[in-house]
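Colleague: Below you will find the structure I want to go over with you.
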Amino acid sequence: MSEHEEIDEGFYSRQLYVLGREAMQRMGEANILIAGMRGLGVEVAHNVILSGVKSVTVQDEGQVLWEHLSSQFFLREADLGQNRAECSLPRLASLNPRVQVSAHTGPLHEDMLMQYQVVVLTDSTLEEQKRLGNHCHSHGIRFIVVDTRGLCGQLFCDFGEEFIVLDRDGETPMTAMINYITKGNPGLVSCLDEENHGFQDGHKVSFSEVRGMAELNTMGPQEIKVISGHSFSIGDTSGFTETGHGGVATEVKQPSTITFVRIQTALMDPELLVMTDYGKKARHQTLHLAFQGLHMFVQKEHRLPKPTSQADAAVLLGMVRGLNASAQLETLDEDVVLLLARTARGDLAPLNAFMGGVAAQEVLKACSGKFKPLIQWLYFDALECLPKDVDNKDEYDGQIAVFGSKFQERLGKLKYFLVGAGAIGCELLKNFALMGLGAGEGGHITVTDMDSIERSNLNRQFLFRSKDIGKMKSSVAAEAVREMNPSVNITAHQNRLDPESERVYDRSFFRGLDGVVAALDNVEARVHLDKLCVLHQRPMLEGGTLGTKGHTLVVVPHLTESYGQPKADTEGAIPLCTLKNFPHRIEHTLQWARDQFEGWFKHVPENVNLFLRDPGFVERTLGRGEAEALEVLGGVFGALRDGGAQGHRPTCWEDCVHWARCRWESLFSNELRQLLHCFPADQLTTSGLPFWSGTKRCPRPLTFDQKKEPHMQYIVAAANLYAHIYGIAGTRDCAAIRVTLRDTPVPAFVPSSRLSDRPITEEDQDALDKSALDKSGLTWCSLIVCSLYEQDDDSNFHMDYITAASNLRAENYDIPPADRLQSKRIAGRIIPAIATTTAAVAGLMCLELYKLVQGHREVSSYRASFLNLAVDYFVLSYPSSPASFTVSQRSLPPPPPPQTTSAFQWTLIYYILFIRTDLCRTFQTVHHRDDKSPFRECFLKLCLSMSNGRCPASWTNGAFLSTG
């Protein structure tokens, strides 16, 4: 997209929340070259194309070989013998019609690089990296090298002598509510104790709404020094007239400049590494030399080391030792060099997915200036995936080169259950197809997702195209998998995973599985799936993303901790009094606007329809208490009675405009006047302090003005939504609406002695009397339409209403407004998403799948991960071990797998230890218990089956435990 071209919000909506408009505009002017169209190259290309750059050129001189099909998901058997770039071009271009995609089948030379802003090399020689890297560095072209060999990956970035980063982390600027500011040098700023301000030394902040030191409100950003979590200093304030009170301090992000060195210089510095696993520092420093040694080996032998050749491994190790003579690493991990030699011919889809996702994010940084780039080397390995013994008797390609043919056969026979076919689900299914999961005899993949494809999905759920909009995600994804690998056995379901679907996903279904993969977008579903996996003792892989952040978790029965119940989180909860009277952040006004929308256009219509259809509705409502009944039934009768009967039912479009205008007056003027009537601007508390201080902003009633766009936006949206409820045709014609507004009577404001929660009057009691609730007394009695909130349909007025209402409310309280995109994200609780993070997370999950397939039984073999691609932050750690339990003053680990001890036996043992008595008395106690727990049932069945209905005497002395 050019500077003047509009961003397609429907397609890029979730990515816009991550990158922002300015970064997306800069990306829309960038031309990218990606060299090498094997598995890793196509991973980088598909992520970059989905992101929305101007153009992508894919270059490759090589032809499609059979071995490439195990990692390059856009190649097919029919492409064998043809150029890889040309074969990949049509499928890459179909990902995003907004991006120009072309192919170059000749060699790379310096002159052709001048038309690109970013150049990415994959599957390249070291000589080529140095030659092209020097040229790019000299001409201001951002240069990236990425490579994978077996279970090891390498990434290098050189963005030139002076690369400007406009926003290092992409986080929303922090704000803090100010308590007071002292006069002094430096001046002390004390914040309210609601929460830590979050600022750091060197941050710059701007001030607004400060009273007393009003000069601060017009000054530029001030550099701060943190004193504590609730205070910081800002420099000399001694010259100000008086002490400051109240106001807001807002972080102002400052551009920073980063200097990069050329690749030949960076090669000499093994300390210039970004760690991906803090327990592997020596290993990654060794890999820095080992990859250079691998280039030397290929240059000498014209091939990679053979997996079965100890001689090749020894040659590579000798080369690396020679390099270390100059590098002088503190520790050279020679085992890593030998493992690299053994697996270097491998080409693994999961590792390509991870490294390709990380590299693609660096491309976006290079052309947008958003987020801190990699400085400058990154190494990643998953060598813990390797089994102790590998079948080395066959010719190797792709995955078999690393794990052997027997492992491949085992992988093909597995039965897996994937829950979710969204962004992560699509990436997982692609990896499954390339890995051959479920592609053998007896193997199978079941995927379920109840959602259909929407346009906003296409930006990151890369298995879907525009022609698929409206179709079920799971079905389309399954078809795409079959196209990639016709051997995969896959079945698509459209079921929600919840208690109601347990008749489908029952004990026999789970017992037939080898594992479960969660690609879900909410915690509740994850918890439910985890519960089922624990119940049926099946391993689970789980992953999630939030913009550039991602995490993965592997759950192995009896070895690692399960996902478990989420901890209570009330941080996001907004107190009701804040929403009603004391908002101080745009999140508060958006939640208030969302509540207004739900109340008038969803809840009231729902209650009306229940009243008209359900004879027991009134009686049930009256049982909910007088105040709630009055609100509900008052809304019902107001919605059903026309204006002549003191109701709100419209009979024409003009009535809807009148209603919207009166609502505007009530919400943004009268209610604030009432609040100020009860609590004037100069109100003091009983302690003599100002009532309107701190987070309590003194409101400002608005005066309606047809010439102000936000005022009219509310009227247009509210009137059209109200008309929709009653089946009345609306309009967006503001000129016609202004004419109607001239004749709208607006009741004068009359203050009340109470703010709200007025007592129930006799008139209210009459309205609540059952005899008054007679449907026959209504002049109109048809069902009306409920508006279910849908944020991605720009024609339904939902976001128009919420954005307008929120910004008018923000104007009441002098809160900076939010644009439509930001309002949509906050009000809709939308999870920002980007394809790069999704690909990286799916890759890490599938690396853990390798370990599950091999049956690793040590916690140290597995990894739980957290990453933030915005700042190249990676934490890979061992999963937690499961908790042990103290029963009868004994500490017991969880029971071992069912292969060694039956569930009945362990049930019996636990019950005996819990009851703390002999087995006979235990049987009698359990037999007379009233609980319906499965433990009780299992215990009784076991006892009766072993004794033919009698209780043997030997049970009383515990002899059974020694024999059972």
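Chain identifiers are assigned as A, B, and so on, following the order in which chains appear in the structure tokens; residues are numbered from 1 within each chain, and ligands are numbered from 1 in order of appearance.
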Within 10 Å of Gly550 of chain A, counting only C-alpha atoms, which residues show up once you throw out same-chain ones fewer than 4 positions away? Write them as a list of chain:residue names, please.
Modeller: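 Once the adjacent positions are removed, what remains is A:Gly543, A:Gly544, A:Thr545, A:Leu546, A:Thr837, A:Thr838, A:Ala840, A:Val841, A:Ala842, A:Ser865, A:Phe866, A:Leu867, A:Asn868, A:Leu869, A:Phe874.
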Colleague: Just the residues within 10 Å of Phe260 of chain A, please, counting only C-alpha atoms, with nothing from its chain fewer than 3 positions along; format it as a list in words.
Modeller: His137, Cys157, Asp158, Phe159, Gly160, Glu161, Glu162, Phe163, Ile263, Thr265, Ala266, Leu374, Ile375 and Gln376 of chain A
Colleague: Compile the contact shell of Arg98 of chain A as a PyMOL selection string: residues with an atom at most 9 Å away, counting only C-alpha atoms, same-chain residues fewer than 5 positions apart removed.
Modeller: chain A and resi 1+49+52-55
Colleague: Output the selection as a PDB file, in the first residue's frame - C-alpha atoms for each residue.
Modeller:
```pdb
ATOM      1  CA  MET A   1       0.000   0.000   0.000  1.00  0.00           C
ATOM      2  CA  ILE A  49       3.584 -11.688   1.965  1.00  0.00           C
ATOM      3  CA  GLY A  52       1.380  -6.563   3.468  1.00  0.00           C
ATOM      4  CA  VAL A  53       4.675  -5.257   2.047  1.00  0.00           C
ATOM      5  CA  LYS A  54       4.677  -3.683  -1.419  1.00  0.00           C
ATOM      6  CA  SER A  55       6.411  -6.512  -3.277  1.00  0.00           C
TER       7      SER A  55
END
```
Colleague: As a PDB file with N, CA and C atoms, in the first residue's frame, please: every residue in segment 605-663 of chain A that DSSP puts in helix (DSSP H, G or I).
Modeller:
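Dumped to result-v6.pdb:
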```
ATOM      1  N   PRO A 605     -34.491  -5.788  24.030  1.00  0.00           N
ATOM      2  CA  PRO A 605     -35.237  -6.628  23.077  1.00  0.00           C
ATOM      3  C   PRO A 605     -35.380  -8.078  23.519  1.00  0.00           C
ATOM      4  N   GLU A 606     -34.344  -8.632  24.130  1.00  0.00           N
ATOM      5  CA  GLU A 606     -34.440 -10.013  24.616  1.00  0.00           C
ATOM      6  C   GLU A 606     -35.543 -10.133  25.661  1.00  0.00           C
ATOM      7  N   ASN A 607     -35.582  -9.168  26.582  1.00  0.00           N
ATOM      8  CA  ASN A 607     -36.613  -9.207  27.618  1.00  0.00           C
ATOM      9  C   ASN A 607     -38.011  -9.012  27.031  1.00  0.00           C
ATOM     10  N   VAL A 608     -38.132  -8.149  26.039  1.00  0.00           N
ATOM     11  CA  VAL A 608     -39.430  -7.962  25.381  1.00  0.00           C
ATOM     12  C   VAL A 608     -39.910  -9.268  24.768  1.00  0.00           C
ATOM     13  N   ASN A 609     -39.029  -9.944  24.067  1.00  0.00           N
ATOM     14  CA  ASN A 609     -39.416 -11.195  23.405  1.00  0.00           C
ATOM     15  C   ASN A 609     -39.755 -12.283  24.407  1.00  0.00           C
ATOM     16  N   LEU A 610     -39.014 -12.316  25.520  1.00  0.00           N
ATOM     17  CA  LEU A 610     -39.349 -13.287  26.574  1.00  0.00           C
ATOM     18  C   LEU A 610     -40.719 -12.986  27.166  1.00  0.00           C
ATOM     19  N   PHE A 611     -41.008 -11.704  27.385  1.00  0.00           N
ATOM     20  CA  PHE A 611     -42.302 -11.313  27.933  1.00  0.00           C
ATOM     21  C   PHE A 611     -43.447 -11.732  27.005  1.00  0.00           C
ATOM     22  N   LEU A 612     -43.241 -11.563  25.716  1.00  0.00           N
ATOM     23  CA  LEU A 612     -44.301 -11.869  24.761  1.00  0.00           C
ATOM     24  C   LEU A 612     -44.484 -13.370  24.552  1.00  0.00           C
ATOM     25  N   ARG A 613     -43.415 -14.148  24.754  1.00  0.00           N
ATOM     26  CA  ARG A 613     -43.507 -15.583  24.467  1.00  0.00           C
ATOM     27  C   ARG A 613     -43.668 -16.446  25.703  1.00  0.00           C
ATOM     28  N   PHE A 617     -42.515 -15.278  32.550  1.00  0.00           N
ATOM     29  CA  PHE A 617     -41.423 -14.306  32.596  1.00  0.00           C
ATOM     30  C   PHE A 617     -41.642 -13.255  33.683  1.00  0.00           C
ATOM     31  N   VAL A 618     -42.856 -12.723  33.780  1.00  0.00           N
ATOM     32  CA  VAL A 618     -43.131 -11.662  34.750  1.00  0.00           C
ATOM     33  C   VAL A 618     -42.928 -12.152  36.170  1.00  0.00           C
ATOM     34  N   GLU A 619     -43.450 -13.314  36.457  1.00  0.00           N
ATOM     35  CA  GLU A 619     -43.350 -13.836  37.821  1.00  0.00           C
ATOM     36  C   GLU A 619     -41.894 -14.089  38.197  1.00  0.00           C
ATOM     37  N   ARG A 620     -41.112 -14.623  37.279  1.00  0.00           N
ATOM     38  CA  ARG A 620     -39.692 -14.858  37.570  1.00  0.00           C
ATOM     39  C   ARG A 620     -38.959 -13.537  37.765  1.00  0.00           C
ATOM     40  N   THR A 621     -39.317 -12.547  36.985  1.00  0.00           N
ATOM     41  CA  THR A 621     -38.653 -11.248  37.096  1.00  0.00           C
ATOM     42  C   THR A 621     -38.976 -10.586  38.430  1.00  0.00           C
ATOM     43  N   LEU A 622     -40.228 -10.670  38.859  1.00  0.00           N
ATOM     44  CA  LEU A 622     -40.603 -10.090  40.146  1.00  0.00           C
ATOM     45  C   LEU A 622     -39.862 -10.753  41.295  1.00  0.00           C
ATOM     46  N   GLU A 626     -37.216  -5.924  43.822  1.00  0.00           N
ATOM     47  CA  GLU A 626     -37.974  -4.802  43.292  1.00  0.00           C
ATOM     48  C   GLU A 626     -37.168  -3.941  42.335  1.00  0.00           C
ATOM     49  N   ALA A 627     -35.918  -3.629  42.709  1.00  0.00           N
ATOM     50  CA  ALA A 627     -35.129  -2.713  41.886  1.00  0.00           C
ATOM     51  C   ALA A 627     -34.846  -3.308  40.517  1.00  0.00           C
ATOM     52  N   GLU A 628     -34.421  -4.563  40.488  1.00  0.00           N
ATOM     53  CA  GLU A 628     -34.114  -5.197  39.211  1.00  0.00           C
ATOM     54  C   GLU A 628     -35.383  -5.410  38.398  1.00  0.00           C
ATOM     55  N   ALA A 629     -36.461  -5.815  39.080  1.00  0.00           N
ATOM     56  CA  ALA A 629     -37.731  -6.020  38.363  1.00  0.00           C
ATOM     57  C   ALA A 629     -38.208  -4.721  37.737  1.00  0.00           C
ATOM     58  N   LEU A 630     -38.064  -3.609  38.459  1.00  0.00           N
ATOM     59  CA  LEU A 630     -38.488  -2.319  37.929  1.00  0.00           C
ATOM     60  C   LEU A 630     -37.678  -1.958  36.684  1.00  0.00           C
ATOM     61  N   GLU A 631     -36.382  -2.194  36.731  1.00  0.00           N
ATOM     62  CA  GLU A 631     -35.535  -1.873  35.582  1.00  0.00           C
ATOM     63  C   GLU A 631     -35.906  -2.725  34.376  1.00  0.00           C
ATOM     64  N   VAL A 632     -36.062  -4.045  34.601  1.00  0.00           N
ATOM     65  CA  VAL A 632     -36.349  -4.950  33.487  1.00  0.00           C
ATOM     66  C   VAL A 632     -37.742  -4.688  32.908  1.00  0.00           C
ATOM     67  N   LEU A 633     -38.751  -4.683  33.789  1.00  0.00           N
ATOM     68  CA  LEU A 633     -40.118  -4.533  33.295  1.00  0.00           C
ATOM     69  C   LEU A 633     -40.390  -3.119  32.783  1.00  0.00           C
ATOM     70  N   GLY A 634     -39.732  -2.132  33.389  1.00  0.00           N
ATOM     71  CA  GLY A 634     -39.863  -0.778  32.871  1.00  0.00           C
ATOM     72  C   GLY A 634     -39.314  -0.682  31.457  1.00  0.00           C
ATOM     73  N   GLY A 635     -38.182  -1.345  31.217  1.00  0.00           N
ATOM     74  CA  GLY A 635     -37.631  -1.360  29.871  1.00  0.00           C
ATOM     75  C   GLY A 635     -38.537  -2.071  28.892  1.00  0.00           C
ATOM     76  N   VAL A 636     -39.164  -3.171  29.341  1.00  0.00           N
ATOM     77  CA  VAL A 636     -40.075  -3.919  28.471  1.00  0.00           C
ATOM     78  C   VAL A 636     -41.252  -3.056  28.049  1.00  0.00           C
ATOM     79  N   PHE A 637     -41.903  -2.429  29.014  1.00  0.00           N
ATOM     80  CA  PHE A 637     -43.092  -1.658  28.677  1.00  0.00           C
ATOM     81  C   PHE A 637     -42.755  -0.362  27.960  1.00  0.00           C
ATOM     82  N   GLY A 638     -41.600   0.204  28.256  1.00  0.00           N
ATOM     83  CA  GLY A 638     -41.185   1.372  27.498  1.00  0.00           C
ATOM     84  C   GLY A 638     -40.951   1.034  26.041  1.00  0.00           C
ATOM     85  N   ALA A 639     -40.411  -0.179  25.799  1.00  0.00           N
ATOM     86  CA  ALA A 639     -40.130  -0.589  24.427  1.00  0.00           C
ATOM     87  C   ALA A 639     -41.396  -0.961  23.662  1.00  0.00           C
ATOM     88  N   LEU A 640     -42.470  -1.361  24.384  1.00  0.00           N
ATOM     89  CA  LEU A 640     -43.697  -1.811  23.718  1.00  0.00           C
ATOM     90  C   LEU A 640     -44.754  -0.722  23.594  1.00  0.00           C
ATOM     91  N   GLY A 643     -45.162   6.495  22.102  1.00  0.00           N
ATOM     92  CA  GLY A 643     -44.889   7.732  22.820  1.00  0.00           C
ATOM     93  C   GLY A 643     -46.100   8.310  23.507  1.00  0.00           C
ATOM     94  N   GLY A 644     -47.293   8.092  22.946  1.00  0.00           N
ATOM     95  CA  GLY A 644     -48.489   8.633  23.572  1.00  0.00           C
ATOM     96  C   GLY A 644     -48.815   7.978  24.881  1.00  0.00           C
ATOM     97  N   ALA A 645     -48.300   6.779  25.123  1.00  0.00           N
ATOM     98  CA  ALA A 645     -48.533   6.067  26.384  1.00  0.00           C
ATOM     99  C   ALA A 645     -47.294   6.094  27.253  1.00  0.00           C
ATOM    100  N   TRP A 653     -39.352   6.525  11.132  1.00  0.00           N
ATOM    101  CA  TRP A 653     -37.932   6.861  11.247  1.00  0.00           C
ATOM    102  C   TRP A 653     -37.714   8.122  12.077  1.00  0.00           C
ATOM    103  N   GLU A 654     -38.588   9.105  11.944  1.00  0.00           N
ATOM    104  CA  GLU A 654     -38.424  10.344  12.698  1.00  0.00           C
ATOM    105  C   GLU A 654     -38.480  10.084  14.201  1.00  0.00           C
ATOM    106  N   ASP A 655     -39.321   9.122  14.621  1.00  0.00           N
ATOM    107  CA  ASP A 655     -39.373   8.776  16.050  1.00  0.00           C
ATOM    108  C   ASP A 655     -38.027   8.248  16.530  1.00  0.00           C
ATOM    109  N   CYS A 656     -37.343   7.492  15.687  1.00  0.00           N
ATOM    110  CA  CYS A 656     -36.032   6.937  16.065  1.00  0.00           C
ATOM    111  C   CYS A 656     -35.003   8.054  16.229  1.00  0.00           C
ATOM    112  N   VAL A 657     -35.048   9.051  15.355  1.00  0.00           N
ATOM    113  CA  VAL A 657     -34.127  10.180  15.478  1.00  0.00           C
ATOM    114  C   VAL A 657     -34.436  10.963  16.750  1.00  0.00           C
ATOM    115  N   HIS A 658     -35.721  11.166  17.055  1.00  0.00           N
ATOM    116  CA  HIS A 658     -36.093  11.863  18.289  1.00  0.00           C
ATOM    117  C   HIS A 658     -35.573  11.098  19.506  1.00  0.00           C
ATOM    118  N   TRP A 659     -35.728   9.781  19.472  1.00  0.00           N
ATOM    119  CA  TRP A 659     -35.243   8.965  20.611  1.00  0.00           C
ATOM    120  C   TRP A 659     -33.735   9.118  20.782  1.00  0.00           C
ATOM    121  N   ALA A 660     -32.985   9.055  19.669  1.00  0.00           N
ATOM    122  CA  ALA A 660     -31.526   9.169  19.740  1.00  0.00           C
ATOM    123  C   ALA A 660     -31.108  10.526  20.284  1.00  0.00           C
ATOM    124  N   ARG A 661     -31.817  11.584  19.868  1.00  0.00           N
ATOM    125  CA  ARG A 661     -31.463  12.928  20.356  1.00  0.00           C
ATOM    126  C   ARG A 661     -31.708  13.051  21.854  1.00  0.00           C
ATOM    127  N   CYS A 662     -32.817  12.496  22.329  1.00  0.00           N
ATOM    128  CA  CYS A 662     -33.105  12.546  23.774  1.00  0.00           C
ATOM    129  C   CYS A 662     -32.103  11.709  24.560  1.00  0.00           C
ATOM    130  N   ARG A 663     -31.697  10.580  23.984  1.00  0.00           N
ATOM    131  CA  ARG A 663     -30.676   9.769  24.653  1.00  0.00           C
ATOM    132  C   ARG A 663     -29.370  10.538  24.746  1.00  0.00           C
TER     133      ARG A 663
END
```
Colleague: Pick from A:Val205, A:Val476, A:Ala870, A:Leu675: nearest to Thr250 of chain A, with only C-alpha atoms counted?
Modeller: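 With only C-alpha atoms as the atom set, the closest residue is A:Val205.
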Colleague: Compile the contact shell of segment 348-362 of chain A as a VMD selection string: residues with an atom at most 7 Å away, counting only C-alpha atoms, same-chain residues fewer than 2 positions apart removed.
Modeller: chain A and resid 39 to 40 43 to 44 47 to 48 71 146 148 150 to 151 153 346 364 to 366 373 398 to 399 431 434 to 435 836 to 837 839 to 841 843 to 844 846 to 847 869
